[in-house]
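Engineer: File target25.txt below, compact mmCIF, C-alpha atoms:
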```
# COMPACT_ATOMS: atom_id res chain seq x y z
CA MET A 1 7.12 -17.56 -52.86
CA SER A 2 9.34 -19.92 -54.85
CA ILE A 3 12.67 -21.01 -53.35
CA PRO A 4 14.13 -24.19 -54.89
CA ALA A 5 14.31 -27.15 -52.52
CA ARG A 6 18.06 -27.47 -53.04
CA ILE A 7 18.56 -23.88 -51.84
CA LYS A 8 16.28 -24.48 -48.85
CA ASP A 9 18.41 -27.49 -47.94
CA ASP A 10 21.53 -25.34 -48.26
CA LEU A 11 20.26 -22.58 -45.95
CA PRO A 12 21.89 -23.89 -42.73
CA PHE A 13 25.24 -23.90 -44.52
CA LEU A 14 24.68 -20.46 -46.04
CA THR A 15 23.59 -19.03 -42.70
CA ALA A 16 26.68 -20.38 -40.96
CA LEU A 17 28.83 -19.04 -43.79
CA ARG A 18 27.24 -15.59 -43.61
CA ARG A 19 27.77 -15.41 -39.87
CA ASP A 20 31.37 -16.54 -40.20
CA LEU A 21 32.01 -13.77 -42.73
CA HIS A 22 30.28 -11.32 -40.40
CA ALA A 23 32.55 -12.31 -37.52
CA HIS A 24 35.68 -11.81 -39.67
CA PRO A 25 35.19 -8.51 -41.54
CA GLU A 26 37.86 -7.24 -43.91
CA LEU A 27 38.17 -3.78 -45.42
CA GLY A 28 38.46 -3.00 -49.12
CA PHE A 29 41.44 -4.59 -50.90
CA GLU A 30 42.17 -6.55 -47.70
CA GLU A 31 39.61 -9.35 -48.26
CA GLU A 32 42.19 -12.15 -48.33
CA ARG A 33 40.31 -14.52 -46.03
CA THR A 34 36.95 -13.80 -47.63
CA ALA A 35 38.32 -14.21 -51.15
CA GLY A 36 39.96 -17.48 -50.16
CA ILE A 37 36.66 -18.86 -48.86
CA VAL A 38 34.82 -17.70 -51.99
CA ALA A 39 37.40 -19.25 -54.33
CA ARG A 40 37.45 -22.55 -52.43
CA LEU A 41 33.67 -22.93 -52.44
CA LEU A 42 33.43 -22.10 -56.14
CA GLU A 43 36.14 -24.60 -57.00
CA GLU A 44 34.49 -27.28 -54.85
CA ALA A 45 31.30 -26.70 -56.85
CA GLY A 46 33.19 -27.31 -60.11
CA ILE A 47 33.26 -23.67 -61.17
CA SER A 48 36.31 -22.18 -62.92
CA VAL A 49 37.95 -19.54 -60.73
CA HIS A 50 40.06 -16.49 -61.54
CA ARG A 51 41.72 -14.55 -58.73
CA GLY A 52 43.68 -11.34 -58.53
CA LEU A 53 41.61 -8.67 -60.30
CA ALA A 54 41.80 -5.60 -58.07
CA GLY A 55 44.02 -7.65 -55.77
CA THR A 56 41.40 -9.62 -53.88
CA GLY A 57 38.66 -9.92 -56.52
CA VAL A 58 37.32 -13.34 -57.45
CA VAL A 59 35.46 -14.28 -60.63
CA GLY A 60 33.88 -17.70 -61.04
CA THR A 61 32.76 -18.80 -64.51
CA LEU A 62 30.22 -21.51 -65.20
CA GLN A 63 29.51 -22.52 -68.79
CA VAL A 64 26.69 -24.92 -69.55
CA GLY A 65 25.48 -26.08 -72.97
CA ASN A 66 26.19 -24.23 -76.20
CA GLY A 67 24.34 -20.99 -75.48
CA THR A 68 26.31 -17.89 -76.42
CA ARG A 69 24.75 -15.30 -74.10
CA ARG A 70 26.97 -14.21 -71.20
CA ILE A 71 25.85 -12.48 -68.01
CA GLY A 72 27.60 -11.26 -64.88
CA LEU A 73 26.24 -11.38 -61.31
CA ARG A 74 27.98 -9.17 -58.78
CA ALA A 75 28.38 -9.41 -55.00
CA ASP A 76 30.53 -7.05 -52.92
CA MET A 77 32.72 -8.51 -50.16
CA ASP A 78 34.16 -5.68 -48.06
CA ALA A 79 33.29 -4.41 -44.59
CA LEU A 80 33.43 -0.93 -43.07
CA ALA A 81 35.92 0.73 -40.74
CA MET A 82 33.56 1.11 -37.79
CA PRO A 83 32.92 -0.77 -34.52
CA GLU A 84 30.10 -3.24 -34.01
CA MET A 85 28.22 -2.25 -30.88
CA ALA A 86 25.33 -4.76 -30.77
CA GLU A 87 25.80 -8.01 -28.88
CA ARG A 88 25.29 -11.11 -31.03
CA PRO A 89 27.03 -14.51 -31.05
CA TYR A 90 28.75 -13.80 -34.35
CA ARG A 91 29.66 -10.15 -33.79
CA SER A 92 32.86 -8.84 -35.32
CA THR A 93 36.06 -10.29 -33.85
CA VAL A 94 38.10 -7.46 -35.39
CA PRO A 95 38.11 -4.18 -33.44
CA GLY A 96 37.05 -1.20 -35.53
CA LYS A 97 35.71 -3.25 -38.44
CA MET A 98 32.23 -4.61 -39.13
CA HIS A 99 29.88 -5.74 -41.86
CA ALA A 100 27.50 -2.81 -41.48
CA CYS A 101 26.09 -2.89 -45.01
CA GLY A 102 25.28 -6.56 -45.57
CA HIS A 103 28.07 -7.49 -47.95
CA ASP A 104 28.49 -10.68 -45.92
CA GLY A 105 24.94 -11.57 -46.93
CA HIS A 106 25.49 -10.56 -50.55
CA THR A 107 28.52 -12.86 -50.75
CA ALA A 108 26.71 -15.79 -49.13
CA MET A 109 23.66 -15.43 -51.41
CA LEU A 110 25.68 -15.40 -54.61
CA LEU A 111 27.68 -18.41 -53.42
CA GLY A 112 24.41 -20.19 -52.68
CA ALA A 113 23.19 -19.48 -56.20
CA ALA A 114 26.49 -20.59 -57.71
CA ARG A 115 26.39 -23.91 -55.83
CA HIS A 116 22.82 -24.52 -56.97
CA LEU A 117 23.44 -23.61 -60.61
CA ALA A 118 26.58 -25.76 -60.78
CA ALA A 119 24.65 -28.75 -59.41
CA THR A 120 21.49 -28.40 -61.52
CA GLN A 121 22.81 -26.81 -64.77
CA ILE A 122 19.32 -25.97 -66.09
CA PHE A 123 20.53 -23.28 -68.48
CA SER A 124 22.62 -22.82 -71.58
CA GLY A 125 25.21 -20.09 -71.72
CA ILE A 126 27.87 -18.47 -69.55
CA VAL A 127 27.46 -16.91 -66.12
CA HIS A 128 30.25 -14.99 -64.40
CA PHE A 129 30.00 -14.77 -60.60
CA ILE A 130 31.81 -11.50 -59.80
CA PHE A 131 32.92 -11.11 -56.19
CA GLN A 132 34.10 -7.54 -55.94
CA PRO A 133 36.40 -6.05 -53.33
CA ALA A 134 36.35 -2.50 -52.01
CA GLU A 135 32.87 -1.25 -52.81
CA GLU A 136 32.85 1.06 -49.79
CA GLY A 137 34.48 4.07 -51.37
CA ARG A 138 37.82 2.51 -52.24
CA GLY A 139 37.22 1.97 -55.95
CA GLY A 140 37.10 -1.80 -56.29
CA ALA A 141 34.77 -1.94 -59.30
CA LYS A 142 36.66 0.72 -61.21
CA ARG A 143 39.93 -1.10 -60.60
CA MET A 144 38.46 -4.44 -61.72
CA VAL A 145 37.30 -2.79 -64.94
CA GLU A 146 40.66 -1.10 -65.49
CA GLU A 147 42.44 -4.42 -64.98
CA GLY A 148 40.42 -6.06 -67.73
CA LEU A 149 37.31 -7.56 -66.13
CA PHE A 150 35.16 -7.23 -69.24
CA GLN A 151 37.94 -8.20 -71.61
CA LEU A 152 38.56 -11.41 -69.66
CA PHE A 153 34.90 -12.04 -68.90
CA PRO A 154 32.70 -10.36 -71.55
CA CYS A 155 29.10 -9.82 -70.46
CA ASP A 156 25.97 -9.10 -72.47
CA ALA A 157 24.36 -7.88 -69.25
CA VAL A 158 25.45 -7.40 -65.65
CA TYR A 159 23.31 -7.51 -62.53
CA GLY A 160 23.64 -6.22 -58.98
CA LEU A 161 21.64 -6.68 -55.79
CA HIS A 162 21.61 -4.87 -52.45
CA ASN A 163 19.69 -5.53 -49.27
CA MET A 164 17.22 -2.88 -48.11
CA PRO A 165 16.01 -2.62 -44.51
CA GLY A 166 12.35 -1.66 -44.44
CA LEU A 167 11.33 -4.07 -47.19
CA ASP A 168 10.12 -7.51 -46.08
CA VAL A 169 12.57 -10.37 -46.62
CA ASP A 170 10.17 -11.88 -49.18
CA GLU A 171 9.95 -8.60 -51.08
CA VAL A 172 12.07 -7.13 -53.87
CA ALA A 173 12.09 -3.82 -55.72
CA VAL A 174 12.88 -3.85 -59.45
CA VAL A 175 12.57 -0.29 -60.67
CA GLU A 176 13.15 1.54 -63.92
CA GLY A 177 15.70 4.34 -64.22
CA PRO A 178 18.06 5.80 -61.57
CA GLN A 179 18.70 3.68 -58.47
CA LEU A 180 21.66 5.39 -56.82
CA ALA A 181 23.21 8.81 -57.15
CA SER A 182 26.63 9.80 -58.35
CA SER A 183 29.06 10.13 -55.44
CA ASP A 184 31.65 12.87 -55.82
CA SER A 185 33.92 14.66 -53.35
CA TRP A 186 34.90 18.30 -53.22
CA ARG A 187 37.51 20.22 -51.24
CA ILE A 188 38.03 23.97 -50.81
CA ASN A 189 40.88 25.80 -49.12
CA PHE A 190 40.43 29.50 -48.46
CA ARG A 191 43.87 31.09 -48.07
CA GLY A 192 44.04 34.42 -46.32
CA ILE A 193 46.60 36.27 -44.20
CA GLY A 194 46.79 35.27 -40.56
CA THR A 195 46.90 37.93 -37.89
CA HIS A 196 46.14 38.72 -34.24
CA GLY A 197 42.51 38.09 -33.38
CA ALA A 198 42.31 41.57 -31.89
CA LYS A 199 43.59 43.17 -35.12
CA PRO A 200 41.58 41.57 -37.94
CA HIS A 201 42.04 44.60 -40.18
CA LEU A 202 45.72 43.70 -40.56
CA GLY A 203 45.00 40.36 -42.17
CA ARG A 204 42.58 38.58 -44.50
CA ASP A 205 40.24 36.30 -42.58
CA PRO A 206 39.63 32.89 -44.23
CA ILE A 207 37.19 31.82 -41.48
CA THR A 208 34.73 34.57 -42.35
CA ALA A 209 34.98 33.55 -46.00
CA ALA A 210 34.35 29.92 -45.06
CA ALA A 211 31.33 30.88 -42.96
CA THR A 212 29.79 32.84 -45.82
CA PHE A 213 30.47 30.02 -48.24
CA LEU A 214 28.83 27.47 -45.94
CA SER A 215 25.78 29.61 -45.32
CA SER A 216 25.35 30.04 -49.08
CA LEU A 217 26.12 26.47 -50.13
CA GLN A 218 22.53 25.22 -50.13
CA THR A 219 21.47 27.94 -52.56
CA ILE A 220 23.02 25.74 -55.26
CA VAL A 221 20.35 23.08 -54.78
CA GLY A 222 17.66 25.50 -53.65
CA ARG A 223 18.07 28.21 -56.27
CA VAL A 224 20.27 27.03 -59.13
CA VAL A 225 19.47 23.37 -59.84
CA ASP A 226 16.10 22.65 -61.47
CA PRO A 227 13.68 21.88 -58.59
CA LEU A 228 12.51 18.77 -60.48
CA GLN A 229 16.07 17.37 -60.56
CA PRO A 230 17.24 15.74 -57.29
CA ALA A 231 20.63 16.85 -55.99
CA VAL A 232 22.55 16.93 -52.71
CA VAL A 233 25.49 19.09 -51.69
CA SER A 234 26.76 18.56 -48.13
CA ALA A 235 29.74 20.00 -46.28
CA CYS A 236 31.18 17.22 -44.11
CA PHE A 237 34.58 18.54 -43.08
CA LEU A 238 35.77 21.87 -41.64
CA ARG A 239 39.16 22.77 -40.27
CA ALA A 240 40.61 26.16 -39.35
CA GLY A 241 42.83 27.51 -36.62
CA ASP A 242 43.96 25.95 -33.38
CA PRO A 243 41.73 25.51 -30.30
CA LYS A 244 44.77 26.39 -28.16
CA ALA A 245 45.24 29.71 -29.96
CA LEU A 246 41.93 31.52 -29.63
CA ASN A 247 43.53 34.90 -30.30
CA VAL A 248 44.95 33.93 -33.71
CA ILE A 249 43.18 34.32 -37.03
CA PRO A 250 44.66 31.49 -39.15
CA ASP A 251 46.03 31.63 -42.66
CA THR A 252 43.70 28.98 -44.05
CA ALA A 253 40.27 27.42 -43.67
CA GLU A 254 39.57 24.04 -45.28
CA ILE A 255 36.15 22.65 -46.16
CA GLY A 256 35.22 19.36 -47.78
CA GLY A 257 32.08 17.46 -48.63
CA THR A 258 30.06 15.37 -51.02
CA ALA A 259 27.88 16.05 -54.06
CA ARG A 260 25.17 13.70 -55.36
CA ALA A 261 23.03 13.69 -58.52
CA TYR A 262 21.15 11.26 -60.75
CA SER A 263 21.84 12.89 -64.12
CA PRO A 264 25.12 13.79 -65.85
CA GLY A 265 23.88 17.34 -66.45
CA VAL A 266 23.17 18.03 -62.80
CA ARG A 267 26.44 16.39 -61.83
CA ASP A 268 28.27 18.85 -64.11
CA GLN A 269 26.23 21.70 -62.68
CA LEU A 270 27.18 20.88 -59.10
CA GLU A 271 30.87 20.83 -59.95
CA THR A 272 30.62 24.20 -61.69
CA GLU A 273 28.45 25.91 -59.09
CA ILE A 274 30.46 24.86 -56.02
CA GLY A 275 33.55 26.31 -57.68
CA ARG A 276 31.74 29.47 -58.74
CA LEU A 277 30.44 30.08 -55.22
CA ALA A 278 33.89 29.48 -53.73
CA SER A 279 35.54 31.89 -56.17
CA GLY A 280 32.93 34.56 -55.60
CA THR A 281 33.25 34.27 -51.83
CA ALA A 282 37.02 34.49 -52.03
CA ALA A 283 36.77 37.64 -54.14
CA MET A 284 34.30 39.17 -51.69
CA TYR A 285 36.70 38.80 -48.77
CA GLY A 286 39.99 39.40 -50.57
CA VAL A 287 41.34 35.90 -50.02
CA THR A 288 42.34 33.24 -52.52
CA VAL A 289 40.85 29.78 -52.91
CA ASP A 290 41.93 26.34 -54.10
CA TYR A 291 39.11 24.12 -55.37
CA ASN A 292 39.15 20.43 -56.24
CA PHE A 293 36.17 18.34 -57.38
CA GLU A 294 36.84 14.60 -57.54
CA ARG A 295 34.49 12.52 -59.66
CA ARG A 296 34.31 9.22 -57.82
CA ILE A 297 31.28 7.12 -58.77
CA PRO A 298 28.74 7.69 -61.56
CA PRO A 299 25.02 7.20 -60.90
CA VAL A 300 23.52 3.72 -61.16
CA VAL A 301 20.78 3.80 -63.81
CA ASN A 302 18.94 0.61 -64.75
CA ASP A 303 18.96 -0.35 -68.42
CA ALA A 304 15.40 -0.89 -69.66
CA ASP A 305 16.02 -4.32 -71.24
CA ALA A 306 18.08 -5.65 -68.32
CA MET A 307 15.45 -4.36 -65.91
CA ALA A 308 12.70 -6.16 -67.83
CA ARG A 309 14.64 -9.43 -67.63
CA ALA A 310 15.25 -8.96 -63.91
CA LEU A 311 11.57 -8.24 -63.40
CA VAL A 312 10.56 -11.56 -64.96
CA ALA A 313 13.01 -13.44 -62.71
CA ALA A 314 11.84 -11.56 -59.63
CA GLY A 315 8.23 -12.38 -60.42
CA ALA A 316 9.07 -16.09 -60.51
CA VAL A 317 10.45 -15.92 -56.96
CA PHE A 318 8.51 -13.16 -55.22
CA GLY A 319 5.18 -13.28 -57.04
CA GLU A 320 2.96 -10.33 -56.10
CA LYS A 321 5.58 -8.98 -53.69
CA VAL A 322 7.66 -7.44 -56.47
CA ARG A 323 7.70 -3.66 -56.20
CA THR A 324 8.09 -1.71 -59.42
CA SER A 325 7.95 1.63 -57.63
CA PHE A 326 10.56 2.43 -55.00
CA PRO A 327 12.46 5.68 -54.34
CA PRO A 328 16.08 5.84 -55.52
CA SER A 329 18.82 6.22 -52.96
CA THR A 330 21.17 9.18 -52.66
CA ALA A 331 23.89 6.75 -51.60
CA GLY A 332 26.32 5.57 -54.27
CA ASP A 333 27.53 2.17 -55.46
CA ASP A 334 30.46 1.56 -57.79
CA PHE A 335 28.40 -1.11 -59.57
CA ALA A 336 27.94 1.92 -61.83
CA PHE A 337 31.33 1.17 -63.44
CA PHE A 338 30.14 -2.33 -64.36
CA ALA A 339 26.92 -0.92 -65.81
CA GLN A 340 28.98 1.43 -68.00
CA ASN A 341 30.48 -1.62 -69.69
CA ALA A 342 27.34 -3.76 -70.14
CA PRO A 343 23.61 -3.15 -69.79
CA GLY A 344 22.94 -3.33 -66.06
CA CYS A 345 20.15 -3.75 -63.55
CA TYR A 346 20.41 -3.20 -59.79
CA VAL A 347 17.61 -4.43 -57.50
CA TRP A 348 16.71 -3.99 -53.83
CA LEU A 349 16.15 -7.15 -51.74
CA GLY A 350 14.17 -6.87 -48.53
CA ASN A 351 16.13 -7.11 -45.27
CA GLY A 352 13.13 -6.92 -42.93
CA PRO A 353 12.54 -4.20 -40.32
CA ALA A 354 15.39 -1.92 -39.32
CA VAL A 355 15.77 -3.36 -35.82
CA ASP A 356 16.27 -0.56 -33.29
CA GLY A 357 16.62 1.83 -36.20
CA ALA A 358 19.74 0.05 -37.44
CA LEU A 359 19.98 0.99 -41.10
CA HIS A 360 23.04 0.60 -43.34
CA HIS A 361 26.30 1.87 -41.83
CA ASN A 362 24.89 1.77 -38.29
CA THR A 363 26.90 0.12 -35.49
CA ALA A 364 23.93 -2.15 -34.67
CA TYR A 365 23.07 -3.16 -38.26
CA ASP A 366 22.92 -6.84 -39.23
CA PHE A 367 22.01 -8.64 -42.43
CA ASN A 368 18.81 -10.64 -42.02
CA ASP A 369 19.53 -14.34 -42.59
CA GLY A 370 15.89 -14.81 -43.54
CA ALA A 371 16.69 -13.08 -46.84
CA LEU A 372 19.40 -15.56 -47.88
CA GLY A 373 17.09 -18.04 -49.58
CA TYR A 374 15.18 -15.34 -51.46
CA GLY A 375 18.33 -13.66 -52.73
CA ALA A 376 19.91 -16.91 -53.88
CA ALA A 377 16.63 -17.95 -55.53
CA TYR A 378 16.45 -14.64 -57.40
CA TRP A 379 19.93 -15.13 -58.83
CA VAL A 380 19.05 -18.68 -59.90
CA ALA A 381 15.79 -17.57 -61.52
CA LEU A 382 17.61 -14.79 -63.37
CA VAL A 383 20.20 -17.17 -64.83
CA GLU A 384 17.74 -19.91 -65.74
CA ARG A 385 15.38 -17.48 -67.50
CA GLU A 386 17.96 -15.33 -69.22
CA LEU A 387 20.08 -18.28 -70.34
CA LYS A 388 17.32 -20.62 -71.39
CA GLY A 389 18.45 -23.96 -72.77
```
In structure tokens, what does this structure look like?

Structural biologist:
Amino acid sequence: MSIPARIKDDLPFLTALRRDLHAHPELGFEEERTAGIVARLLEEAGISVHRGLAGTGVVGTLQVGNGTRRIGLRADMDALAMPEMAERPYRSTVPGKMHACGHDGHTAMLLGAARHLAATQIFSGIVHFIFQPAEEGRGGAKRMVEEGLFQLFPCDAVYGLHNMPGLDVDEVAVVEGPQLASSDSWRINFRGIGTHGAKPHLGRDPITAAATFLSSLQTIVGRVVDPLQPAVVSACFLRAGDPKALNVIPDTAEIGGTARAYSPGVRDQLETEIGRLASGTAAMYGVTVDYNFERRIPPVVNDADAMARALVAAGAVFGEKVRTSFPPSTAGDDFAFFAQNAPGCYVWLGNGPAVDGALHHNTAYDFNDGALGYGAAYWVALVERELKG
């Protein structure tokens, strides 16, 4: 494996930085401390810094030589609203918040690459280091785009990276096509007529309608969507009645959930079919229904040319431990909004074994510091090969 000596020498600093970020997690659009550290380290490296996109976003720009190609490298900075349960010296100092997805590691790796590239300058062109707030469902990428990210910092290609427990730390997956699913939310409110629980015939029961809807929901994926097209529809929220009034049929029953797909056609189909099923159920039971489908994050689909460039860079660092076959994830990532504005490629960096089963968004998860050098080296290899002098 090929990690530049300068990055190896920087690993104690990067490890300490990563653990400091881990101990001080900040939620989306609240990353004031993190953004301040990022901006300071970029400026100390001689990199031009822009702050304020999406509130706490930071973009560092490094131009070397007279090359005209421009690329963007993205790291997310935010933590999750959940407690850290594992005991470790650098565990979260903020109750109810933790870095449970490795964004602390993503930030440290990109900073390590930026420091190396600024010191060595073995490329010709422009690289934008994009430190994004609020990836965890709060819309940070979309807001950065809306506030002019690609007008201020045009990119001919944009690249993302995410850690993956289960892959070795010296292993990377660079795969063609879909990497992450669309992530959309839906809500349904069945509105009936409340009545005494002993006299259901005098009302219109929304709970019975909700139960039928829920029992039928999986027929959308199982019997409507093409079996060769992956899709997920999950109900994740249910509210009806009052546990202190067990003799009252309520007026309403609310249900909410998520829908995931890898293709625009299936995404459209899920929106249509959830609504159709809700309307049909409401008609069956003589109640009315309100339906809302919120399109949140498009799927992440790797551009063929950007993927090929990333594959060359990965080969220079990881050698034979580059995977070109790896299953896509049904999770979502708003990197998709960046990839809608420039050809994009999103790769999976090994995070080692999932210790005690601690995968992403688990209260015992931790980013593996052994991956820091490999991730930083990948970013450096990508820049030096794509922006050849």

Engineer: Taking 4 positions as the minimum chain separation for residues in the same chain, which residues sit within 10 Å of A:Thr195 when counting all atoms listed in the file? Answer as a list in words.

Structural biologist: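 The contact residues come out as Lys199, Pro200, His201, Leu202, Gly203, Arg204, Asp205, Asn247, Val248, Ile249, Pro250 and Asp251 of chain A.
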
Engineer: Using all atoms listed in the file, which of A:Arg33, A:Arg18, A:Arg138, A:Arg187 sits nearest A:Thr107?

Structural biologist: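 Between A:Arg33, A:Arg18, A:Arg138, A:Arg187, the residue approaching A:Thr107 most closely is A:Arg18.
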
Engineer: Could you tell me which of A:Gly105, A:Gly125, A:Gly286, A:Gly57 comes closest to A:Glu147 if we count only C-alpha atoms?

Structural biologist: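 The closest residue to A:Glu147 is A:Gly57.
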
Engineer: What does the distance between atom CA of A:Phe150 and atom CA of A:Arg267 come to in Å, to one decimal place?

Structural biologist: 26.2 Å

Engineer: A:Leu277, A:Leu270, A:Ala342, A:Leu214: which is nearest A:Phe293, counting all atoms listed in the file?

Structural biologist: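 Selected residue with least distance to A:Phe293: A:Leu270.
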
Engineer: Rank A:Val94, A:Ile188, A:Ala210, A:Ala16 by their smallest atom-to-atom distance to A:Thr281, using only C-alpha atoms, and report the top residue only.

Structural biologist: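 Nearest to A:Thr281: A:Ala210.
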
Engineer: In Å to one decimal, how far is atom CA of A:Cys345 from atom CA of A:Met82?

Structural biologist: 29.4 Å

Engineer: Give me, as a PyMOL selection string, all polymer residues having an atom no more than 8 Å from A:Ala316, counting all atoms listed in the file and skipping those fewer than 4 positions away in the same chain.

Structural biologist: chain A and resi 2+312+381

Engineer: Would you output that residue set with C-alpha atoms, as a CSV table (one decimal), in the coordinates of the input?

Structural biologist:
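And here is the file that came out, out-v7.csv:
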```csv
chain,number,residue,atom,x,y,z
A,2,SER,CA,9.3,-19.9,-54.8
A,312,VAL,CA,10.6,-11.6,-65.0
A,381,ALA,CA,15.8,-17.6,-61.5
```

Engineer: To one decimal place in Å, what is the distance between atom CA of A:Ala100 and atom CA of A:Leu14?

Structural biologist: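 Taking atom CA of A:Ala100 and atom CA of A:Leu14, their separation equals 18.4 Å.
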
Engineer: Between A:Gly257, A:Gly370, A:Gly46, A:Pro230, which is the closest to A:Asp184 once you count all atoms listed in the file?

Structural biologist: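 The shortest atom-to-atom distance to A:Asp184 comes from A:Gly257.
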
Engineer: Take every atom of stretch 135-148 of chain A listed in the file, fit an axis-aligned box around them, add 4 Å per side, and give the centre and edge lengths in Å to one decimal as lines of an AutoDock Vina configuration file.

Structural biologist:
```
center_x = 37.6
center_y = -1.0
center_z = -58.8
size_x = 17.6
size_y = 18.1
size_z = 25.9
```

Engineer: Need to verify the contact set: A:Ala39, 9 Å, all atoms listed in the file, exclusion of same-chain residues closer than 4 positions in sequence. Can you return it as a short mmCIF file (atom, residue, chain, number, x, y, z; two decimals) with C-alpha atoms, in the frame of the given file?

Structural biologist:
```
data_model
loop_
_atom_site.label_atom_id
_atom_site.label_comp_id
_atom_site.auth_asym_id
_atom_site.auth_seq_id
_atom_site.Cartn_x
_atom_site.Cartn_y
_atom_site.Cartn_z
CA THR A 34 36.95 -13.80 -47.63
CA ALA A 35 38.32 -14.21 -51.15
CA GLU A 43 36.14 -24.60 -57.00
CA GLU A 44 34.49 -27.28 -54.85
CA VAL A 49 37.95 -19.54 -60.73
CA HIS A 50 40.06 -16.49 -61.54
CA ARG A 51 41.72 -14.55 -58.73
CA VAL A 58 37.32 -13.34 -57.45
CA VAL A 59 35.46 -14.28 -60.63
CA GLY A 60 33.88 -17.70 -61.04
#
```

Engineer: Excluding A:Ile3 and any residue of its chain fewer than 5 positions from it, enumerate the residues within 10 Å of it, using only C-alpha atoms, and give them as a count of residues only.

Structural biologist: 12

Engineer: Taking into account only C-alpha atoms, which residue in the set A:Glu146, A:Asp366, A:Glu384, A:Asp20 is nearest to A:Tyr90?

Structural biologist: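 Residue with the minimum atom-to-atom distance to A:Tyr90: A:Asp20.
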
Engineer: Write out as a list in words the residues lying within 10 Å of A:Ile255, counting all atoms listed in the file and excluding same-chain residues fewer than 6 positions away.

Structural biologist: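 Skipping anything fewer than 6 positions along the chain leaves Trp186, Arg187, Ile188, Asn189, Phe190, Ala210, Phe213, Leu214, Ala235, Cys236, Phe237, Leu238, Arg239, Ala240 and Tyr291 of chain A.
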
Engineer: Output C-alpha atoms for every residue in that selection, as a short mmCIF file (atom, residue, chain, number, x, y, z; two decimals), keeping the file's coordinate frame.

Structural biologist:
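The file below, result00.cif, is the result:
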```
data_model
loop_
_atom_site.label_atom_id
_atom_site.label_comp_id
_atom_site.auth_asym_id
_atom_site.auth_seq_id
_atom_site.Cartn_x
_atom_site.Cartn_y
_atom_site.Cartn_z
CA TRP A 186 34.90 18.30 -53.22
CA ARG A 187 37.51 20.22 -51.24
CA ILE A 188 38.03 23.97 -50.81
CA ASN A 189 40.88 25.80 -49.12
CA PHE A 190 40.43 29.50 -48.46
CA ALA A 210 34.35 29.92 -45.06
CA PHE A 213 30.47 30.02 -48.24
CA LEU A 214 28.83 27.47 -45.94
CA ALA A 235 29.74 20.00 -46.28
CA CYS A 236 31.18 17.22 -44.11
CA PHE A 237 34.58 18.54 -43.08
CA LEU A 238 35.77 21.87 -41.64
CA ARG A 239 39.16 22.77 -40.27
CA ALA A 240 40.61 26.16 -39.35
CA TYR A 291 39.11 24.12 -55.37
#
```
